[in-house]
Every structure is written in structure tokens, then in C-alpha cells.
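Next comes query-v1.txt, with compact mmCIF, C-alpha atoms.
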# COMPACT_ATOMS: atom_id res chain seq x y z
CA MET A 162 65.37 -63.71 -7.60
CA THR A 163 64.69 -63.47 -3.88
CA ASN A 164 61.95 -65.29 -2.01
CA SER A 165 61.96 -62.84 0.87
CA PHE A 166 58.61 -61.09 1.34
CA ARG A 167 60.27 -58.19 3.12
CA ALA A 168 62.61 -57.68 0.18
CA THR A 169 59.80 -57.58 -2.39
CA ARG A 170 56.97 -55.89 -0.50
CA PRO A 171 55.81 -52.53 -1.91
CA GLN A 172 57.00 -49.40 -0.15
CA ALA A 173 54.24 -47.90 1.96
CA LYS A 174 53.34 -44.29 1.32
CA THR A 175 54.86 -41.84 3.77
CA ILE A 176 52.14 -39.99 5.66
CA GLU A 177 53.53 -36.70 6.87
CA SER A 178 50.31 -34.76 7.45
CA LEU A 179 46.54 -35.10 7.26
CA ALA A 180 44.17 -32.53 5.82
CA LEU A 181 41.81 -32.66 8.79
CA LYS A 182 38.96 -30.24 9.08
CA LYS A 183 39.14 -28.20 12.24
CA LEU A 184 37.13 -29.86 14.98
CA THR A 185 34.52 -27.47 16.31
CA LEU A 186 32.06 -27.67 19.18
CA ASP A 187 28.74 -25.89 18.93
CA ASN A 188 25.96 -25.28 21.41
CA LEU A 189 22.30 -26.12 21.04
CA ARG A 190 19.77 -23.48 21.96
CA THR A 191 19.34 -25.42 25.19
CA GLY A 192 23.00 -24.68 26.01
CA HIS A 193 24.20 -28.27 25.59
CA PRO A 194 27.54 -28.58 23.77
CA ILE A 195 27.37 -30.71 20.63
CA PHE A 196 29.91 -32.11 18.19
CA LEU A 197 28.64 -32.85 14.70
CA GLY A 198 30.82 -35.16 12.66
CA GLU A 199 31.05 -34.94 8.91
CA PRO A 200 27.72 -36.39 7.61
CA SER A 201 28.09 -39.72 5.79
CA SER A 202 25.46 -41.44 3.66
CA ILE A 203 25.85 -44.86 5.26
CA GLY A 204 22.25 -45.16 6.48
CA VAL A 205 23.24 -45.34 10.16
CA VAL A 206 23.16 -42.58 12.78
CA ARG A 207 25.31 -42.66 15.91
CA VAL A 208 24.39 -40.50 18.91
CA GLU A 209 26.46 -40.37 22.09
CA LEU A 210 25.33 -38.96 25.41
CA PHE A 211 28.53 -37.93 27.17
CA TRP A 212 28.64 -37.01 30.89
CA PRO A 213 31.67 -35.38 32.59
CA ALA A 214 31.64 -37.87 35.46
CA GLY A 215 33.25 -41.24 35.97
CA THR A 216 34.83 -43.45 38.60
CA LYS A 217 36.60 -40.47 40.15
CA GLN A 218 33.22 -39.16 41.32
CA GLN A 219 31.97 -42.43 42.82
CA SER A 220 31.68 -42.82 46.57
CA THR A 221 31.86 -46.63 46.56
CA PRO A 222 33.48 -49.15 44.18
CA TYR A 223 31.51 -50.03 41.01
CA GLN A 224 28.93 -47.31 41.65
CA ALA A 225 29.67 -45.32 38.48
CA SER A 226 29.94 -48.17 35.97
CA LEU A 227 26.82 -49.93 37.28
CA ALA A 228 24.83 -46.70 37.25
CA VAL A 229 25.76 -46.09 33.60
CA ASP A 230 25.39 -49.72 32.45
CA LEU A 231 21.88 -49.94 33.90
CA LEU A 232 20.51 -46.65 32.55
CA LEU A 233 18.21 -48.59 30.21
CA SER A 234 17.34 -51.32 32.72
CA GLY A 235 13.81 -50.01 33.24
CA ASP A 236 11.72 -47.49 35.14
CA GLU A 237 8.39 -47.32 36.94
CA SER A 238 6.40 -48.09 33.76
CA HIS A 239 8.68 -50.36 31.70
CA SER A 240 10.93 -53.31 32.47
CA GLU A 241 14.36 -53.81 30.93
CA TYR A 242 12.74 -56.37 28.63
CA ASP A 243 10.27 -53.74 27.38
CA VAL A 244 12.99 -51.14 26.85
CA ILE A 245 15.39 -53.39 24.97
CA ARG A 246 12.65 -55.14 22.98
CA TYR A 247 11.51 -51.82 21.52
CA LEU A 248 15.10 -50.92 20.58
CA ASP A 249 15.46 -54.33 18.93
CA HIS A 250 12.18 -53.74 17.08
CA LEU A 251 13.67 -50.59 15.57
CA GLY A 252 16.96 -52.31 14.78
CA ALA A 253 18.86 -50.13 17.23
CA THR A 254 21.85 -51.07 19.36
CA HIS A 255 23.32 -49.35 22.40
CA SER A 256 26.49 -49.53 24.49
CA THR A 257 27.92 -47.82 27.55
CA GLU A 258 31.38 -46.89 28.78
CA THR A 259 32.74 -45.50 32.04
CA ASN A 260 36.28 -44.36 32.68
CA LEU A 261 38.06 -42.21 35.23
CA LEU A 262 36.67 -38.83 34.14
CA GLY A 263 33.67 -39.49 31.92
CA SER A 264 30.79 -41.79 31.00
CA SER A 265 28.87 -42.39 27.79
CA LEU A 266 25.75 -44.04 26.46
CA VAL A 267 25.79 -44.57 22.69
CA PHE A 268 22.96 -45.66 20.40
CA ARG A 269 23.07 -46.53 16.71
CA CYS A 270 20.13 -46.98 14.37
CA ALA A 271 18.92 -46.51 10.82
CA LYS A 272 18.42 -42.89 9.85
CA LYS A 273 14.66 -43.36 9.38
CA HIS A 274 14.31 -44.55 12.99
CA ALA A 275 16.64 -41.98 14.58
CA ASN A 276 13.88 -39.80 16.05
CA ASP A 277 11.90 -42.73 17.49
CA VAL A 278 15.01 -44.29 19.03
CA ALA A 279 16.12 -40.95 20.48
CA ASN A 280 12.65 -40.42 22.01
CA TRP A 281 12.81 -43.83 23.66
CA VAL A 282 16.40 -43.59 24.91
CA PHE A 283 16.08 -40.07 26.34
CA LYS A 284 12.81 -40.96 28.03
CA HIS A 285 14.21 -44.02 29.80
CA VAL A 286 17.56 -42.48 30.66
CA HIS A 287 15.71 -39.67 32.42
CA ALA A 288 13.27 -42.01 34.18
CA ALA A 289 15.73 -44.84 34.99
CA SER A 290 14.88 -46.27 38.41
CA TYR A 291 17.22 -49.29 38.54
CA PRO A 292 14.73 -52.11 39.23
CA VAL A 293 15.85 -54.39 42.04
CA SER A 294 15.87 -57.56 39.91
CA GLU A 295 18.06 -56.03 37.19
CA PHE A 296 20.40 -54.51 39.77
CA GLU A 297 20.83 -57.86 41.53
CA ASN A 298 21.41 -59.70 38.22
CA ALA A 299 24.06 -57.20 37.15
CA VAL A 300 25.88 -57.45 40.48
CA MET A 301 25.87 -61.25 40.31
CA ILE A 302 27.25 -61.27 36.75
CA ARG A 303 29.88 -58.63 37.56
CA ARG A 304 30.97 -60.46 40.70
CA GLY A 305 31.40 -63.71 38.77
CA SER A 306 33.46 -61.91 36.12
CA LEU A 307 35.76 -60.39 38.74
CA GLU A 308 36.14 -63.76 40.45
CA ARG A 309 37.34 -65.28 37.15
CA GLN A 310 39.76 -62.40 36.56
CA GLN A 311 41.25 -62.91 40.01
CA GLN A 312 42.32 -66.41 39.00
CA THR A 313 44.81 -64.95 36.51
CA PRO A 314 48.35 -63.70 37.26
CA LYS A 315 47.86 -60.72 34.94
CA TYR A 316 45.01 -59.31 37.03
CA TRP A 317 47.08 -59.35 40.22
CA SER A 318 50.31 -58.06 38.72
CA SER A 319 48.49 -55.13 37.12
CA ARG A 320 46.50 -54.36 40.26
CA ILE A 321 49.43 -54.62 42.68
CA ALA A 322 51.62 -52.52 40.39
CA LEU A 323 49.15 -49.62 40.43
CA GLU A 324 48.50 -50.00 44.15
CA SER A 325 52.24 -49.97 44.82
CA LEU A 326 52.83 -46.94 42.61
CA TYR A 327 49.91 -44.74 43.65
CA GLY A 328 48.68 -46.24 46.92
CA LYS A 329 45.53 -48.27 47.57
CA SER A 330 43.55 -45.22 48.62
CA HIS A 331 44.57 -43.11 45.61
CA VAL A 332 42.05 -42.79 42.78
CA LEU A 333 44.60 -44.18 40.30
CA GLY A 334 45.49 -47.13 42.50
CA ALA A 335 42.16 -48.04 44.08
CA HIS A 336 40.58 -51.36 43.14
CA GLY A 337 37.27 -52.89 44.13
CA ASN A 338 36.99 -56.34 45.72
CA LEU A 339 34.46 -59.14 45.65
CA TYR A 340 33.24 -57.95 49.04
CA ASP A 341 32.34 -54.56 47.56
CA TYR A 342 29.77 -56.23 45.33
CA GLN A 343 28.09 -57.57 48.47
CA THR A 344 27.90 -54.14 50.08
CA ILE A 345 26.86 -52.00 47.13
CA GLU A 346 23.17 -51.07 47.18
CA ARG A 347 20.67 -50.04 44.54
CA GLY A 348 20.42 -46.68 46.33
CA HIS A 349 24.07 -45.98 45.49
CA LEU A 350 23.19 -46.10 41.78
CA VAL A 351 20.18 -43.85 42.23
CA GLU A 352 22.37 -41.38 44.11
CA PHE A 353 25.06 -41.35 41.42
CA LYS A 354 22.47 -40.84 38.68
CA LYS A 355 20.87 -37.97 40.55
CA GLN A 356 24.20 -36.22 41.09
CA HIS A 357 25.98 -36.93 37.81
CA LEU A 358 23.81 -38.46 35.06
CA ALA A 359 21.13 -35.85 34.47
CA LEU A 360 20.25 -34.86 30.90
CA ASN A 361 21.05 -31.27 31.92
CA ASP A 362 24.72 -32.27 32.17
CA ILE A 363 25.36 -34.00 28.85
CA MET A 364 27.32 -33.22 25.75
CA LEU A 365 26.09 -34.75 22.48
CA LEU A 366 28.28 -36.25 19.77
CA VAL A 367 26.41 -37.01 16.55
CA SER A 368 27.88 -38.72 13.50
CA GLY A 369 26.95 -40.86 10.54
CA ASP A 370 23.91 -40.37 8.32
CA TYR A 371 22.19 -37.51 10.11
CA ASP A 372 20.77 -34.19 8.92
CA GLN A 373 19.61 -30.92 10.46
CA GLU A 374 16.20 -32.42 11.17
CA THR A 375 17.88 -35.03 13.38
CA VAL A 376 19.77 -32.32 15.26
CA LYS A 377 16.64 -30.21 15.74
CA HIS A 378 14.79 -33.22 17.09
CA LEU A 379 17.52 -33.89 19.65
CA GLU A 380 17.42 -30.23 20.59
CA GLY A 381 13.68 -30.48 21.11
CA LEU A 382 14.09 -33.46 23.43
CA LEU A 383 16.43 -31.40 25.60
CA ASN A 384 14.18 -28.33 25.84
CA GLU A 385 12.93 -29.38 29.27
CA PHE A 386 16.51 -30.13 30.41
CA PRO A 387 18.43 -26.86 29.83
CA SER A 388 22.17 -27.30 30.21
CA SER A 389 23.65 -26.72 33.65
CA GLY A 390 27.17 -26.68 32.19
CA PHE A 391 29.64 -29.27 30.95
CA LYS A 392 33.17 -29.38 32.33
CA ILE A 393 35.75 -32.09 32.91
CA SER A 394 37.27 -31.02 36.20
CA PHE A 395 40.01 -32.37 38.42
CA ASP A 396 42.86 -31.18 40.58
CA PRO A 397 46.20 -31.58 38.74
CA ASN A 398 47.66 -32.88 42.00
CA ASP A 399 45.26 -35.85 41.77
CA SER A 400 47.63 -37.55 39.33
CA ASN A 401 50.62 -37.44 41.65
CA PRO A 402 51.61 -40.68 43.39
CA SER A 403 50.56 -40.66 47.04
CA ILE A 404 52.97 -40.88 49.98
CA GLU A 405 51.89 -44.49 50.41
CA GLY A 406 52.88 -45.27 46.83
CA GLN A 407 56.29 -43.61 46.81
CA GLN A 408 59.52 -45.45 47.41
CA GLU A 409 61.55 -44.33 50.41
CA ASN A 410 64.81 -45.27 48.73
CA ASN A 411 64.89 -45.13 44.95
CA GLN A 412 68.48 -46.35 44.59
CA THR A 413 67.34 -49.95 44.18
CA PRO A 414 64.51 -51.07 41.87
CA LEU A 415 61.45 -52.18 43.80
CA ILE A 416 60.33 -55.72 42.93
CA VAL A 417 57.14 -57.17 44.40
CA ASN A 418 56.32 -60.89 44.21
CA HIS A 419 52.76 -62.22 44.28
CA PRO A 420 52.94 -66.03 44.25
CA MET A 421 49.98 -67.99 42.87
CA GLU A 422 49.42 -71.73 42.82
CA ASN A 423 48.60 -74.01 39.88
CA THR A 424 50.48 -72.04 37.25
CA SER A 425 53.91 -72.38 35.62
CA GLN A 426 53.76 -68.90 34.15
CA THR A 427 54.58 -65.49 35.54
CA ASN A 428 53.10 -62.17 34.53
CA LEU A 429 55.38 -59.16 34.72
CA GLN A 430 54.19 -55.57 35.11
CA MET A 431 56.55 -52.61 35.38
CA VAL A 432 54.98 -49.20 36.03
CA SER A 433 56.30 -45.66 36.32
CA HIS A 434 54.58 -42.30 36.67
CA VAL A 435 55.53 -39.99 33.78
CA VAL A 436 55.00 -36.21 33.72
CA PRO A 437 55.93 -34.76 30.29
CA LYS A 438 57.02 -31.11 30.31
CA ASP A 439 55.16 -30.18 27.12
CA GLN A 440 53.63 -31.53 23.91
CA ASN A 441 57.01 -31.94 22.24
CA GLU A 442 58.18 -34.21 25.03
CA ARG A 443 54.95 -36.20 24.72
CA HIS A 444 55.77 -36.84 21.08
CA ARG A 445 59.31 -37.90 21.96
CA LEU A 446 57.97 -40.26 24.61
CA THR A 447 55.53 -41.68 22.08
CA LEU A 448 58.36 -42.60 19.72
CA LEU A 449 60.58 -43.84 22.55
CA ASN A 450 57.77 -46.12 23.69
CA LEU A 451 57.38 -47.50 20.16
CA VAL A 452 61.09 -48.35 20.03
CA LEU A 453 60.95 -49.89 23.49
CA GLY A 454 57.84 -52.04 23.28
CA GLY A 455 55.03 -50.29 21.42
CA TYR A 456 54.71 -52.60 18.41
CA PHE A 457 55.74 -56.05 17.23
CA GLY A 458 59.06 -54.83 15.85
CA SER A 459 60.06 -53.17 19.14
CA ARG A 460 63.27 -53.89 21.04
CA LEU A 461 61.55 -55.82 23.83
CA MET A 462 59.72 -58.10 21.40
CA GLN A 463 62.66 -58.65 19.10
CA ILE A 464 65.25 -59.28 21.80
CA LEU A 465 63.30 -61.03 24.58
CA ARG A 466 60.92 -62.99 22.38
CA GLU A 467 62.49 -63.47 18.95
CA GLU A 468 66.19 -63.66 19.82
CA ARG A 469 66.25 -65.16 23.31
CA GLY A 470 62.88 -66.91 23.65
CA LEU A 471 62.33 -65.57 27.17
CA THR A 472 58.70 -64.49 26.83
CA TYR A 473 55.47 -65.42 25.11
CA GLY A 474 54.88 -61.75 24.48
CA ILE A 475 55.94 -58.41 25.93
CA GLY A 476 55.15 -54.77 25.19
CA SER A 477 54.88 -51.29 26.63
CA TYR A 478 52.21 -48.60 26.58
CA PHE A 479 50.95 -45.50 28.33
CA ARG A 480 47.87 -45.47 30.55
CA PRO A 481 46.20 -42.08 31.09
CA SER A 482 46.66 -40.65 34.58
CA PHE A 483 44.75 -37.40 34.19
CA GLN A 484 47.08 -35.09 32.22
CA ASN A 485 50.06 -37.42 32.76
CA TYR A 486 50.86 -41.07 32.05
CA THR A 487 51.45 -44.38 33.75
CA TRP A 488 54.16 -46.03 31.66
CA THR A 489 53.57 -49.79 31.71
CA ILE A 490 55.69 -52.70 30.52
CA SER A 491 53.74 -55.96 30.49
CA GLY A 492 54.89 -59.46 29.62
CA GLU A 493 54.14 -63.18 30.02
CA LEU A 494 57.14 -65.19 31.18
CA ASN A 495 58.07 -68.76 31.88
CA SER A 496 58.94 -68.82 35.58
CA THR A 497 62.44 -70.13 34.88
CA HIS A 498 63.25 -67.01 32.84
CA ILE A 499 62.33 -64.31 35.35
CA LYS A 500 65.81 -63.18 36.39
CA GLU A 501 67.22 -63.26 32.86
CA SER A 502 64.17 -61.38 31.49
CA ILE A 503 64.51 -58.54 34.01
CA GLU A 504 68.22 -58.27 33.28
CA CYS A 505 67.47 -58.19 29.56
CA ILE A 506 64.94 -55.37 30.01
CA GLU A 507 67.61 -53.41 31.90
CA GLU A 508 70.02 -54.02 28.99
CA VAL A 509 67.43 -52.64 26.54
CA PHE A 510 67.08 -49.55 28.75
CA GLN A 511 70.83 -49.02 28.78
CA THR A 512 71.18 -49.48 25.03
CA LEU A 513 68.52 -46.86 24.31
CA LYS A 514 70.22 -44.46 26.74
CA GLN A 515 73.72 -44.93 25.36
CA ASN A 516 73.17 -45.36 21.60
CA LYS A 517 71.12 -43.40 19.10
CA ILE A 518 68.69 -45.47 17.06
CA ASN A 519 69.70 -45.62 13.40
CA ASP A 520 67.92 -43.84 10.57
CA GLU A 521 66.13 -46.98 9.39
CA GLU A 522 64.58 -47.71 12.79
CA LEU A 523 63.70 -44.04 13.29
CA TYR A 524 61.92 -43.95 9.93
CA LYS A 525 60.16 -47.23 10.69
CA ILE A 526 58.63 -46.09 13.99
CA LYS A 527 57.56 -42.75 12.54
CA GLN A 528 55.97 -44.52 9.58
CA TYR A 529 54.26 -46.98 11.91
CA TYR A 530 52.93 -44.18 14.12
CA ALA A 531 51.69 -42.21 11.09
CA GLY A 532 49.83 -45.26 9.80
CA GLN A 533 48.21 -45.94 13.16
CA PHE A 534 47.32 -42.27 13.52
CA ARG A 535 45.73 -42.20 10.08
CA SER A 536 43.72 -45.37 10.67
CA GLY A 537 42.36 -43.79 13.85
CA PHE A 538 40.31 -41.44 11.66
CA ASP A 539 38.87 -44.11 9.38
CA GLY A 540 35.09 -44.33 9.27
CA PRO A 541 32.38 -41.78 10.05
CA PHE A 542 32.28 -42.57 13.78
CA ALA A 543 36.00 -42.41 14.57
CA THR A 544 36.25 -38.69 15.26
CA ASN A 545 33.99 -38.83 18.32
CA SER A 546 36.63 -40.44 20.51
CA LYS A 547 39.20 -37.95 19.20
CA VAL A 548 37.01 -35.06 20.35
CA GLN A 549 36.68 -36.63 23.78
CA HIS A 550 40.47 -36.94 23.98
CA LEU A 551 40.77 -33.20 23.34
CA ILE A 552 38.29 -32.51 26.13
CA TYR A 553 39.93 -34.87 28.64
CA ARG A 554 43.37 -33.36 28.05
CA SER A 555 42.28 -29.72 27.52
CA LEU A 556 43.93 -29.67 24.09
CA PRO A 557 43.33 -27.10 21.33
CA ASN A 558 40.91 -28.00 18.53
CA ASP A 559 43.69 -28.01 15.92
CA TYR A 560 45.81 -30.46 17.94
CA TYR A 561 45.45 -33.34 15.47
CA ASN A 562 46.62 -31.13 12.60
CA THR A 563 49.92 -30.53 14.38
CA ILE A 564 50.79 -34.07 15.52
CA LEU A 565 52.34 -35.61 12.42
CA PRO A 566 54.66 -32.71 11.54
CA SER A 567 55.83 -32.75 15.18
CA ILE A 568 56.40 -36.51 15.10
CA TRP A 569 58.43 -36.34 11.88
CA ALA A 570 60.55 -33.55 13.36
CA VAL A 571 61.75 -35.66 16.33
CA THR A 572 65.41 -36.67 16.02
CA ALA A 573 67.31 -39.74 17.17
CA GLU A 574 69.28 -37.51 19.55
CA GLU A 575 66.04 -36.30 21.19
CA ILE A 576 64.82 -39.88 21.64
CA MET A 577 68.10 -40.84 23.31
CA GLU A 578 67.88 -37.76 25.54
CA THR A 579 64.32 -38.71 26.52
CA ALA A 580 65.48 -42.25 27.30
CA ASN A 581 68.11 -40.83 29.65
CA ASN A 582 65.44 -38.73 31.37
CA TYR A 583 62.89 -41.51 31.87
CA LEU A 584 64.29 -45.02 31.37
CA HIS A 585 65.59 -45.76 34.86
CA THR A 586 64.90 -49.11 36.48
CA THR A 587 64.66 -47.30 39.83
CA SER A 588 61.73 -45.28 38.46
CA PHE A 589 59.73 -48.43 37.73
CA ILE A 590 57.98 -50.67 40.22
CA THR A 591 58.15 -54.29 39.05
CA VAL A 592 55.50 -56.82 40.03
CA LEU A 593 55.75 -60.54 39.32
CA SER A 594 52.60 -62.61 39.74
CA GLY A 595 52.15 -66.35 39.28
CA ASP A 596 54.92 -68.89 39.75
CA THR A 597 57.56 -66.71 41.37
CA THR A 598 59.49 -69.49 43.15
CA ALA A 599 62.35 -69.36 40.63
Just dump the structure as C-alpha cells.
Amino acid sequence: MTNSFRATRPQAKTIESLALKKLTLDNLRTGHPIFLGEPSSIGVVRVELFWPAGTKQQSTPYQASLAVDLLLSGDESHSEYDVIRYLDHLGATHSTETNLLGSSLVFRCAKKHANDVANWVFKHVHAASYPVSEFENAVMIRRGSLERQQQTPKYWSSRIALESLYGKSHVLGAHGNLYDYQTIERGHLVEFKKQHLALNDIMLLVSGDYDQETVKHLEGLLNEFPSSGFKISFDPNDSNPSIEGQQENNQTPLIVNHPMENTSQTNLQMVSHVVPKDQNERHRLTLLNLVLGGYFGSRLMQILREERGLTYGIGSYFRPSFQNYTWTISGELNSTHIKESIECIEEVFQTLKQNKINDEELYKIKQYYAGQFRSGFDGPFATNSKVQHLIYRSLPNDYYNTILPSIWAVTAEEIMETANNYLHTTSFITVLSGDTTA
């Protein structure tokens, strides 16, 4: 009898496809696009106001995120305390999010309070005037948070890596500074709201325990704000690295050191701009990334951490860069292991380029991806973010129905071919931040 858990664990079910209903977008009579998730009798309604504007549209650092975060901070007739107290009274919660291309305000509440909460939220989003006191408090809190982040090696290695790859003036490489919080003005938020956060510009995503009465009520609230159109727009050339960010000579890997005092650790960031040819290559890159560093059983984790003890943790992932990717390898190192760790990463690259992964590892990463993919649709609210992904990447509505069959069709030979196309140390910019003296 064996005591090994791995030898006795049950075999997980193989997920090769999902019977997903086709995702459809409708339009209200007001012209606003709306996505209605599958109704669920959980007692809670989730409504998301989604604008096609984010940090790409801002004229000064932090303008977009502050303008969205403070949408419910008060107006000419109510303070932030009044606004939030009424939401609390109805048992409602809200949250905001701002990224490169879009911004959202989400509220959740009991079904019986959905109309009252919607009335209150829409009213104060439309009338938001960004009171001076709330604006100043938010800036002070944000500035303190950034100041704390700047004490960590990870902040600087990530920032310098993107600045080095894309250029400091490029939208994908630009970062705000503490000084920018001193120069931003309340008027910048008012300007951004006027240009980009009108109720005429939103898309609605509704999920949870709603009914047609809820939808009709939302439609009624938008009658005086007929849609002016909803479109995520950008120039495909915006994702290309700038001249400032390109290497003049790519025969030697570029390594940038950012020394910091009072730390014995070093954070490593390796970044490369990736432009897949088509969806099939995206799927191959997805699996290659899993093998490389995309989960705990990846090559980087097993070799650098488990076998050689060179790192506290290391992994790889893709960051969106419009329609393309920024491939990132990130790890925490002891400063005495820097040289050996970089050499080991290069060895992992070479192994993946020269040797096909075996059937067991291929099956494992496909099974892992399928499980993660399936869990991404758990719960009545999960589909909203999936719909936004389709919009951001201009993907067809049946995209999610085609992913798993495409993933399972990828071969070990195709993964090795993809490794040879993309895994070049000269394609990555490496930044080391912290104790770099070794």
C-alpha cells in the first residue's frame, strides 16, 4: 500500500468542451447596448455601468481612475456621506475599475431594492461634481499608497521593465509619479467625466436575480440619456514598442539594474512584446506559457525553486497590450543567486526549444487550462468579464465555445515550434531591482 497522495488521488474529469449558450448583446430602446446574463434566483442583482474609456484617454496621470473612483463622492445636493449612507441603508455595495481601454462602476443589491439603488446610483453618477474635500482626501490616500509601493523592489522592476520595453512616453510604458499627485486638479476629473463618463456612452451588463421589470426600469432611467454610441477604439499601432523602447542591438540580452538599499532580495522582471499571428498561435502561446511558468508545476517553478532553491517564487504570464501581449517573467531572488538564476532561465528556454514536452506534461497543462477555463464561468456574475474580454479584443460571440477544442488540438511539436519563434533571451528585457551588488 502506498502513502503517496499523488498515487492515490482520484483522476480528474477531462473537460474537452463546455455547452455555453451563445453570448448575445441587445440594445435598449434608448440605443444603449446591454448584456443580460442567465437569470439566477440568488436574491442579488448585479448591474455594471461600462464606459469605453480608460487611462489611454487621460490627459494627465491618475485622471481616469480618480474620476471613476469618485463618481459617487457627492454632488451639489449630497455629500459622499449622504450617498454612501443611503446605499448602506439599502444593503447595496459598489465598486469601480479602470484599465487601459475601459472603466466600470458596479453595484450589487437585493432584488427588492434594485430599482431604488439604480435610481440613486444613476442620479449621482450623472450629477457627480467631485467635492473638493473628497478629491483632496483621495489624492492624499493614493499618494501614500504609491509612496509605500515605491519602497518595494517589485514596483521598480516592473515599472522599469515596461518603460524600457515601450518607452516612458508610450501609453503602455508610462507611469505616474508622486509629483503628479501634487499637480492634478479637481478640474481634470470634471473634464474627464464630461468627455468620457456620460450616461449616454455606457453599456449595461446585468446579471443575477433580475427580471424584465428590472431591465425596463433601467431603460426608463436612460430615457433622458439616449445612447451616443459605444465603441472600444484604438490604433493597432498603439501597441507597438516605441523607438525609445527598442534595442539598437538585439544580439545581446539587455539587463537593467536598479539598486535599492536596505534589502537582501532582488526582484526579477523579464518582458517581451508578443504579436500572435492568429487565434491558433494564441492558444499555442497559452500552453507554452503554462509549461514555462504559468502554474505551480511549471518548469521555472520546479527547476529554479524546487530543484535548485534559487528563488522564493517565479512565474510567467501575459499582460494585455491592446490586441497583443506583454510576456512577463517575474521572480523573487536572493541576491547571491542572480547570475545562476538567469542562466537557469536561459537553460529552460533552450530545453523547450530543443525537446518536445512528453505526453504526460502535455496532458497535464491542457487539463489544468481546461479546469481554470471552466472555473472562470462559475457563478451568475462571471460571464460579465468574459463579455468585456470579447469587446476589448473584437472577438466573435462564439469565441468561448471554440477555445477548448482548439486547446486540446495543440500538439507537442507546435509548442516546441512556438518556443523557437518566441523564447529568445534577446527578445526579453531583464530588470533586476533591489540588492543587485552580487
Query raised in the report: What is the distance, in Å and to one decimal place, between CA of Gly235 (chain A) and CA of Glu295 (chain A)?
Result: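 Rounded to one decimal, the two atoms are 8.4 Å apart.
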Query raised in the report: Between CA of Gln484 (chain A) and CA of Asn188 (chain A), what is the spacing in Å?
Result: 25.7 Å
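All residues of protein, DNA or RNA that reach within 7 Å of Thr191 (chain A), judged by only C-alpha atoms and not counting those fewer than 5 positions away in the chain, are Glu380, Leu383, Asn384, Pro387 and Ser388 of chain A.
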Query - Nearest candidate to Trp212 (chain A) (options A:Ile552, A:Met421, A:Ile321, A:Ile490; using only C-alpha atoms) - result: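 Answer, going by the shortest atom-to-atom distance: A:Ile552.
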List as CSV every residue of region 276-394 of chain A that is in contact with region 427-433 of chain A, defined as an atom at most 7 Å from one of its atoms (using all atoms listed in the file), together with the nearest atom pair and the distance in Å rounded to one decimal, sorted by chain and then rising number.
residue,atom,partner,partner_atom,distance
A:Pro314,CA,A:Asn428,CA,5.7
A:Lys315,CA,A:Asn428,CA,5.5
A:Ser318,CA,A:Gln430,CA,5.9
A:Ser319,CA,A:Gln430,CA,6.1
A:Ala322,CA,A:Val432,CA,6.4
Show me, as a short mmCIF file (atom, residue, chain, number, x, y, z; two decimals) with C-alpha atoms, in the coordinates of the input, the residues that have an atom within 10 Å of region 530-538 of chain A when counting all atoms listed in the file, minus same-chain residues fewer than 5 positions from it.
data_model
loop_
_atom_site.label_atom_id
_atom_site.label_comp_id
_atom_site.auth_asym_id
_atom_site.auth_seq_id
_atom_site.Cartn_x
_atom_site.Cartn_y
_atom_site.Cartn_z
CA ALA A 173 54.24 -47.90 1.96
CA LYS A 174 53.34 -44.29 1.32
CA THR A 175 54.86 -41.84 3.77
CA ILE A 176 52.14 -39.99 5.66
CA GLU A 177 53.53 -36.70 6.87
CA SER A 178 50.31 -34.76 7.45
CA LEU A 179 46.54 -35.10 7.26
CA LEU A 181 41.81 -32.66 8.79
CA THR A 447 55.53 -41.68 22.08
CA LEU A 448 58.36 -42.60 19.72
CA LEU A 451 57.38 -47.50 20.16
CA GLY A 455 55.03 -50.29 21.42
CA TYR A 456 54.71 -52.60 18.41
CA TYR A 524 61.92 -43.95 9.93
CA LYS A 525 60.16 -47.23 10.69
CA ALA A 543 36.00 -42.41 14.57
CA THR A 544 36.25 -38.69 15.26
CA ASN A 545 33.99 -38.83 18.32
CA SER A 546 36.63 -40.44 20.51
CA LYS A 547 39.20 -37.95 19.20
CA TYR A 561 45.45 -33.34 15.47
CA ILE A 564 50.79 -34.07 15.52
CA LEU A 565 52.34 -35.61 12.42
CA PRO A 566 54.66 -32.71 11.54
CA ILE A 568 56.40 -36.51 15.10
CA TRP A 569 58.43 -36.34 11.88
#
Can you report as lines of an AutoDock Vina configuration file the centre and edge lengths in Å, to one decimal, of an axis-aligned box around the listed atoms of region 176-191 of chain A padded with 8 Å on each side?
center_x = 36.4
center_y = -31.7
center_z = 15.4
size_x = 50.2
size_y = 32.5
size_z = 35.5
**Report entry** Between CA of Tyr291 (chain A) and CA of His349 (chain A), distance in Å (one decimal)
**Finding:**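 Taking CA of Tyr291 (chain A) as the start and CA of His349 (chain A) as the end point, the length is 10.3 Å.
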Requested in this report: Have a look at A:Gly263, A:Pro557, A:Gly328, A:Pro481 and name the one nearest to Thr216 (chain A); count only C-alpha atoms.
Outcome: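 For Thr216 (chain A), the nearest of the candidates is A:Gly263.
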Query raised in the report: With distances taken over all atoms listed in the file, which of A:Leu197, A:Val571, A:Ile590, A:Val206 is nearest to Leu365 (chain A)?
Result: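 Distance minimum relative to Leu365 (chain A) lands on A:Leu197.
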Report task. Tell me which of A:Val286, A:Leu494, A:Leu360, A:Leu261 sits closest to Gly192 (chain A), counting only C-alpha atoms. Result ->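 Result for the nearest residue to Gly192 (chain A): A:Leu360.
Proximity of A:His250, A:His287, A:His419, A:Lys527 to Gly595 (chain A), computed with only C-alpha atoms, is greatest for A:His419.
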Requested in this report: Kindly indicate which residue among A:Gln224, A:Gln312, A:Gln511, A:Gln218 lies nearest to Asn423 (chain A), using only C-alpha atoms for the distances.
Outcome: A:Gln312
